[in-house]
There are 2 protein chains.
Amino acid sequence: MLNTIIAKNLKQFRRSRQWSLAKAAAMTKVSKAMLGQIERQESSPTIATLWKIAKGFHLPLSVLIEPCALRSDSLATASHEQTICLDSDLQFRVLFSFDPLLCCEMFSHQLQPDRTHLSKAHELGVIEDIIVISGELEILVDESWQLLSAGDTLRFSADKNHGYRNIGKKEVIFHNIIHYPKIVTCH
Amino acid sequence: MLNTIIAKNLKQFRRSRQWSLAKAAAMTKVSKAMLGQIERQESSPTIATLWKIAKGFHLPLSVLIEPCALRSDSLATASHEQTICLDSDLQFRVLFSFDPLLCCEMFSHQLQPDRTHLSKAHELGVIEDIIVISGELEILVDESWQLLSAGDTLRFSADKNHGYRNIGKKEVIFHNIIHYPKIVTCH
DNA sequence: AATTATTGTGCGCTATAACGCACAATGATA
DNA sequence: TATCATTGTGCGTTATAGCGCACAATAATT
């Protein structure tokens with residue numbers, strides 16, 4: 001049930017900040033009686049109330065209505081596994097899988113010499129970061145190729161076709177971060 | 001206003017399917033009077049009602065509360081400069097400076113052997129990512145040290161004291177991303 | 001023109017979200 | 001022990017979400 005998810009999330013966020021109901025009420029401008037009822041699943045809050053709560057907690061609204069994934073406010077998640085996936089022309093592995101709170105994911109790529117990989121446009125508003133770890137990499141963005149060496153970075157809008165190619169002599173390793181547009185900024 | 005977004009989205013989805021209010025009411029089990037009020041922004045729906053609407057339209061709930069259009073600036077920014085800054089015990093340079101849209105920044109750090117760097121708690125809700133590029137790194141989080149080797153990653157809540165230390169024999173290079181909580185304003 | 005659907009909106013009613021306040025339970029201090 | 005502060009919950013009231021139904025406006029039939 002949706003109310004269960006909201007209740008758990010709210011309680012978890014409040015507890016992790018060590019806020020009392022009174023403190024949370026002051027931050028969100030929602031009465032502590034109502035906050036208590038929501039946490040006890042005795043009330044199905046209005047979207048306007050949820051909005052005030054999210055705003056008071058400085059959180060995107062969506063994390064309140066999503067099942068508590070890896071969000072856990074205080075836990076650290078480490079990944080040592082080198083889960084390497086093979087593609088036709090490049091190898092990659094997941095550094096950080098998609099997180100609904102941060103709305104981003106991160107990969108490590110390995111592209112062999114004389115290899116090119118083209119990527120279709122992502123969803124509107126997606127921004128991509130490239131960090132070259134070693135080797136030389138060329139990025140196709142806005143119809144032109146840009147050369148990046150080890151240590152170089154590039155940030156571009158990924159909602160149009162783009163590509164990666166390695167015209168060097170040794171393999172290139174680079175990381176990339178995909179930032180998906182965050183939910184709701186209303187004005 | 002959030003109600004404006006919901007109203008536009010609902011109306012758009014209904015119109016695109018050429019559903020009447022009666023049809024939409026039948027699909028969602030929400031009275032057509034209420035659907036009409038929501039579209040006219042005369043009512044701030046309950047999260048339970050929004051859920052029924054999303055289900056009836058076979059849509060994820062989040063798309064109802066997302067602004068329909070997200071613009072994309074088509075500029076790519078590259079940084080080649082190696083602006084290295086010196087600190088007492090570790091060197092770092094900026095990979096991506098803080099961006100108000102993404103609310104994150106990224107650094108590359110270089111920590112010499114037998115060096116320890118302690119960091120105070122960041123702002124509430126800040127999440128930090130660590131990606132070890134080379135060498136071995138120990139992270140102090142939740143009162144305990146965790147060992148990371150090249151290729152390992154760690155994500156943790158940075159709103160409490162934490163630290164980095166290098167107990168290996170060669171220098172360690174690691175990247176870190178600071179995710180600041182997205183602050184939303186509404187009126 | 002008159003009739004018949006089909007559209008969306010207005011009205012009254014009920015259920016409940018949301019409020020402020022008071023209280024009880026727990027812990028902390030003297 | 002008594003006193004004070006802080007926790008969360010229960011109660012009575014008000015505001016409003018949500019319902020069914022009826023009506024008005026439009027268009028499409030006869």
# chains A, B, ... in the order shown; residues from 1 in each chain; ligands from 1

$ residues_around --residues "DC23 of chain D" --least-positions-apart "2" --cutoff "10 Å" --atoms "only C-alpha atoms (C1' of nucleotides)" --output "PyMOL selection string"
(chain C and resi 9-11) or (chain D and resi 21+25)

$ residues_around --residues "DT16 of chain D" --least-positions-apart "5" --cutoff "9 Å" --atoms "only C-alpha atoms (C1' of nucleotides)" --output "ChimeraX atom specification"
/B:43 /C:16-17

$ interface_residues --of "chain B" --to "chain D" --cutoff "7 Å" --atoms "only C-alpha atoms (C1' of nucleotides)" --output "mmCIF file with C-alpha atoms, in the first residue's frame"
data_model
loop_
_atom_site.group_PDB
_atom_site.id
_atom_site.type_symbol
_atom_site.label_atom_id
_atom_site.label_comp_id
_atom_site.auth_asym_id
_atom_site.auth_seq_id
_atom_site.Cartn_x
_atom_site.Cartn_y
_atom_site.Cartn_z
ATOM 1 C CA SER B 31 -15.579 10.479 -9.930
ATOM 2 C CA MET B 34 -13.346 15.232 -8.935
ATOM 3 C CA PRO B 45 -6.042 15.673 -4.619
#

$ closest_atom_pairs --of "chain B" --to "chain C" --cutoff "8 Å" --atoms "only C-alpha atoms (C1' of nucleotides)" --output "CSV"
residue,atom,partner,partner_atom,distance
B:Ser20,CA,C:DT7,C1',7.6
B:Leu21,CA,C:DG8,C1',7.8
B:Gly36,CA,C:DG8,C1',7.7

$ select_by_dssp --residues "chain B" --states "helix (DSSP H, G or I)" --output "PyMOL selection string"
chain B and resi 2-16+21-28+32-39+47-56+62-65

$ atom_distance --atom1 "atom CA of Ile178 of chain B" --atom2 "atom CA of Val126 of chain B"
6.9 Å

$ closest_residue --among "A:Arg165, A:Arg93, A:Lys160, A:Arg155" --to "chain B" --atoms "only C-alpha atoms"
A:Arg155

$ atom_distance --atom1 "atom CA of His179 of chain B" --atom2 "atom CA of Ala121 of chain B"
13.5 Å

$ atom_distance --atom1 "atom CA of Thr116 of chain A" --atom2 "atom CA of Ser108 of chain B"
27.2 Å

$ select_by_dssp --residues "chain B" --states "strand (DSSP E or B)" --output "MDAnalysis selection string"
chainID B and resid 46 77:79 84:86 90:99 104:111 115:119 127:134 137:141 144:148 153:157 162:166 172:179

$ closest_residue --among "B:Lys32, B:His162, B:His58, B:Arg40" --to "chain A" --atoms "only C-alpha atoms"
B:His162

$ residues_around --residues "His109 of chain B" --least-positions-apart "5" --cutoff "7 Å" --atoms "only C-alpha atoms (C1' of nucleotides)" --output "number ranges by chain"
B: 90-93, 173-175

$ closest_residue --among "A:Val63, A:Leu10, A:Met27, A:Ala48" --to "chain B" --atoms "only C-alpha atoms"
A:Ala48

$ decode --residues "segment 143-156 of chain B" --atoms "all heavy atoms" --output "PDB file, in the first residue's frame"
ATOM      1  N   GLU B 143      32.060   5.393  12.313  1.00  0.00           N
ATOM      2  CA  GLU B 143      32.981   4.988  13.384  1.00  0.00           C
ATOM      3  C   GLU B 143      33.876   3.813  13.034  1.00  0.00           C
ATOM      4  O   GLU B 143      34.518   3.241  13.912  1.00  0.00           O
ATOM      5  CB  GLU B 143      32.223   4.650  14.685  1.00  0.00           C
ATOM      6  CG  GLU B 143      31.085   5.598  15.040  1.00  0.00           C
ATOM      7  CD  GLU B 143      31.566   6.994  15.353  1.00  0.00           C
ATOM      8  OE1 GLU B 143      32.709   7.120  15.817  1.00  0.00           O
ATOM      9  OE2 GLU B 143      30.819   7.954  15.107  1.00  0.00           O
ATOM     10  N   SER B 144      33.913   3.425  11.759  1.00  0.00           N
ATOM     11  CA  SER B 144      34.810   2.319  11.419  1.00  0.00           C
ATOM     12  C   SER B 144      35.482   2.588  10.078  1.00  0.00           C
ATOM     13  O   SER B 144      34.918   3.264   9.211  1.00  0.00           O
ATOM     14  CB  SER B 144      34.031   1.000  11.357  1.00  0.00           C
ATOM     15  OG  SER B 144      33.236   0.975  10.201  1.00  0.00           O
ATOM     16  N   TRP B 145      36.679   2.036   9.939  1.00  0.00           N
ATOM     17  CA  TRP B 145      37.443   2.236   8.706  1.00  0.00           C
ATOM     18  C   TRP B 145      37.137   1.126   7.717  1.00  0.00           C
ATOM     19  O   TRP B 145      37.114  -0.052   8.067  1.00  0.00           O
ATOM     20  CB  TRP B 145      38.940   2.254   9.014  1.00  0.00           C
ATOM     21  CG  TRP B 145      39.374   3.489   9.771  1.00  0.00           C
ATOM     22  CD1 TRP B 145      39.503   3.604  11.127  1.00  0.00           C
ATOM     23  CD2 TRP B 145      39.713   4.758   9.220  1.00  0.00           C
ATOM     24  NE1 TRP B 145      39.910   4.876  11.459  1.00  0.00           N
ATOM     25  CE2 TRP B 145      40.062   5.616  10.300  1.00  0.00           C
ATOM     26  CE3 TRP B 145      39.783   5.265   7.926  1.00  0.00           C
ATOM     27  CZ2 TRP B 145      40.441   6.937  10.129  1.00  0.00           C
ATOM     28  CZ3 TRP B 145      40.169   6.586   7.755  1.00  0.00           C
ATOM     29  CH2 TRP B 145      40.488   7.413   8.844  1.00  0.00           C
ATOM     30  N   GLN B 146      36.937   1.526   6.465  1.00  0.00           N
ATOM     31  CA  GLN B 146      36.663   0.546   5.413  1.00  0.00           C
ATOM     32  C   GLN B 146      37.766   0.646   4.367  1.00  0.00           C
ATOM     33  O   GLN B 146      38.112   1.735   3.920  1.00  0.00           O
ATOM     34  CB  GLN B 146      35.314   0.824   4.753  1.00  0.00           C
ATOM     35  CG  GLN B 146      34.135   0.706   5.699  1.00  0.00           C
ATOM     36  CD  GLN B 146      32.839   0.437   4.946  1.00  0.00           C
ATOM     37  OE1 GLN B 146      32.846  -0.276   3.941  1.00  0.00           O
ATOM     38  NE2 GLN B 146      31.750   0.995   5.441  1.00  0.00           N
ATOM     39  N   LEU B 147      38.251  -0.515   3.977  1.00  0.00           N
ATOM     40  CA  LEU B 147      39.342  -0.553   3.006  1.00  0.00           C
ATOM     41  C   LEU B 147      38.802  -0.627   1.584  1.00  0.00           C
ATOM     42  O   LEU B 147      37.957  -1.457   1.272  1.00  0.00           O
ATOM     43  CB  LEU B 147      40.243  -1.764   3.279  1.00  0.00           C
ATOM     44  CG  LEU B 147      41.399  -1.954   2.297  1.00  0.00           C
ATOM     45  CD1 LEU B 147      42.356  -0.764   2.379  1.00  0.00           C
ATOM     46  CD2 LEU B 147      42.126  -3.255   2.560  1.00  0.00           C
ATOM     47  N   LEU B 148      39.302   0.258   0.743  1.00  0.00           N
ATOM     48  CA  LEU B 148      38.914   0.259  -0.667  1.00  0.00           C
ATOM     49  C   LEU B 148      40.161   0.146  -1.525  1.00  0.00           C
ATOM     50  O   LEU B 148      41.162   0.814  -1.268  1.00  0.00           O
ATOM     51  CB  LEU B 148      38.166   1.546  -1.028  1.00  0.00           C
ATOM     52  CG  LEU B 148      36.863   1.850  -0.291  1.00  0.00           C
ATOM     53  CD1 LEU B 148      36.290   3.180  -0.776  1.00  0.00           C
ATOM     54  CD2 LEU B 148      35.855   0.737  -0.504  1.00  0.00           C
ATOM     55  N   SER B 149      40.070  -0.695  -2.551  1.00  0.00           N
ATOM     56  CA  SER B 149      41.178  -0.832  -3.490  1.00  0.00           C
ATOM     57  C   SER B 149      40.805  -0.192  -4.825  1.00  0.00           C
ATOM     58  O   SER B 149      39.672   0.251  -5.007  1.00  0.00           O
ATOM     59  CB  SER B 149      41.506  -2.317  -3.695  1.00  0.00           C
ATOM     60  OG  SER B 149      41.812  -2.922  -2.462  1.00  0.00           O
ATOM     61  N   ALA B 150      41.743  -0.150  -5.723  1.00  0.00           N
ATOM     62  CA  ALA B 150      41.499   0.465  -7.020  1.00  0.00           C
ATOM     63  C   ALA B 150      40.276  -0.154  -7.679  1.00  0.00           C
ATOM     64  O   ALA B 150      40.157  -1.372  -7.761  1.00  0.00           O
ATOM     65  CB  ALA B 150      42.728   0.308  -7.915  1.00  0.00           C
ATOM     66  N   GLY B 151      39.371   0.684  -8.131  1.00  0.00           N
ATOM     67  CA  GLY B 151      38.157   0.212  -8.780  1.00  0.00           C
ATOM     68  C   GLY B 151      36.976   0.116  -7.840  1.00  0.00           C
ATOM     69  O   GLY B 151      35.838   0.044  -8.280  1.00  0.00           O
ATOM     70  N   ASP B 152      37.240   0.137  -6.535  1.00  0.00           N
ATOM     71  CA  ASP B 152      36.144   0.044  -5.569  1.00  0.00           C
ATOM     72  C   ASP B 152      35.428   1.375  -5.448  1.00  0.00           C
ATOM     73  O   ASP B 152      35.998   2.439  -5.718  1.00  0.00           O
ATOM     74  CB  ASP B 152      36.676  -0.367  -4.186  1.00  0.00           C
ATOM     75  CG  ASP B 152      37.166  -1.803  -4.187  1.00  0.00           C
ATOM     76  OD1 ASP B 152      36.848  -2.523  -5.148  1.00  0.00           O
ATOM     77  OD2 ASP B 152      37.859  -2.178  -3.230  1.00  0.00           O
ATOM     78  N   THR B 153      34.194   1.283  -5.031  1.00  0.00           N
ATOM     79  CA  THR B 153      33.404   2.504  -4.829  1.00  0.00           C
ATOM     80  C   THR B 153      32.721   2.447  -3.474  1.00  0.00           C
ATOM     81  O   THR B 153      32.508   1.372  -2.916  1.00  0.00           O
ATOM     82  CB  THR B 153      32.322   2.657  -5.919  1.00  0.00           C
ATOM     83  OG1 THR B 153      31.394   1.577  -5.813  1.00  0.00           O
ATOM     84  CG2 THR B 153      32.932   2.670  -7.299  1.00  0.00           C
ATOM     85  N   LEU B 154      32.375   3.606  -2.967  1.00  0.00           N
ATOM     86  CA  LEU B 154      31.670   3.697  -1.689  1.00  0.00           C
ATOM     87  C   LEU B 154      30.747   4.898  -1.719  1.00  0.00           C
ATOM     88  O   LEU B 154      31.123   5.984  -2.169  1.00  0.00           O
ATOM     89  CB  LEU B 154      32.667   3.837  -0.534  1.00  0.00           C
ATOM     90  CG  LEU B 154      32.056   3.990   0.868  1.00  0.00           C
ATOM     91  CD1 LEU B 154      31.395   2.698   1.305  1.00  0.00           C
ATOM     92  CD2 LEU B 154      33.113   4.427   1.869  1.00  0.00           C
ATOM     93  N   ARG B 155      29.519   4.687  -1.271  1.00  0.00           N
ATOM     94  CA  ARG B 155      28.558   5.793  -1.146  1.00  0.00           C
ATOM     95  C   ARG B 155      28.101   5.876   0.294  1.00  0.00           C
ATOM     96  O   ARG B 155      27.699   4.874   0.869  1.00  0.00           O
ATOM     97  CB  ARG B 155      27.365   5.547  -2.071  1.00  0.00           C
ATOM     98  CG  ARG B 155      26.174   6.458  -1.801  1.00  0.00           C
ATOM     99  CD  ARG B 155      25.167   6.372  -2.921  1.00  0.00           C
ATOM    100  NE  ARG B 155      25.694   6.927  -4.163  1.00  0.00           N
ATOM    101  CZ  ARG B 155      25.061   6.844  -5.340  1.00  0.00           C
ATOM    102  NH1 ARG B 155      23.914   6.219  -5.427  1.00  0.00           N
ATOM    103  NH2 ARG B 155      25.609   7.375  -6.413  1.00  0.00           N
ATOM    104  N   PHE B 156      28.178   7.068   0.874  1.00  0.00           N
ATOM    105  CA  PHE B 156      27.780   7.209   2.278  1.00  0.00           C
ATOM    106  C   PHE B 156      27.211   8.594   2.556  1.00  0.00           C
ATOM    107  O   PHE B 156      27.404   9.530   1.769  1.00  0.00           O
ATOM    108  CB  PHE B 156      28.968   6.933   3.203  1.00  0.00           C
ATOM    109  CG  PHE B 156      30.124   7.886   3.022  1.00  0.00           C
ATOM    110  CD1 PHE B 156      30.252   8.991   3.834  1.00  0.00           C
ATOM    111  CD2 PHE B 156      31.061   7.673   2.026  1.00  0.00           C
ATOM    112  CE1 PHE B 156      31.312   9.874   3.676  1.00  0.00           C
ATOM    113  CE2 PHE B 156      32.120   8.555   1.851  1.00  0.00           C
ATOM    114  CZ  PHE B 156      32.247   9.656   2.677  1.00  0.00           C
TER     115      PHE B 156
END
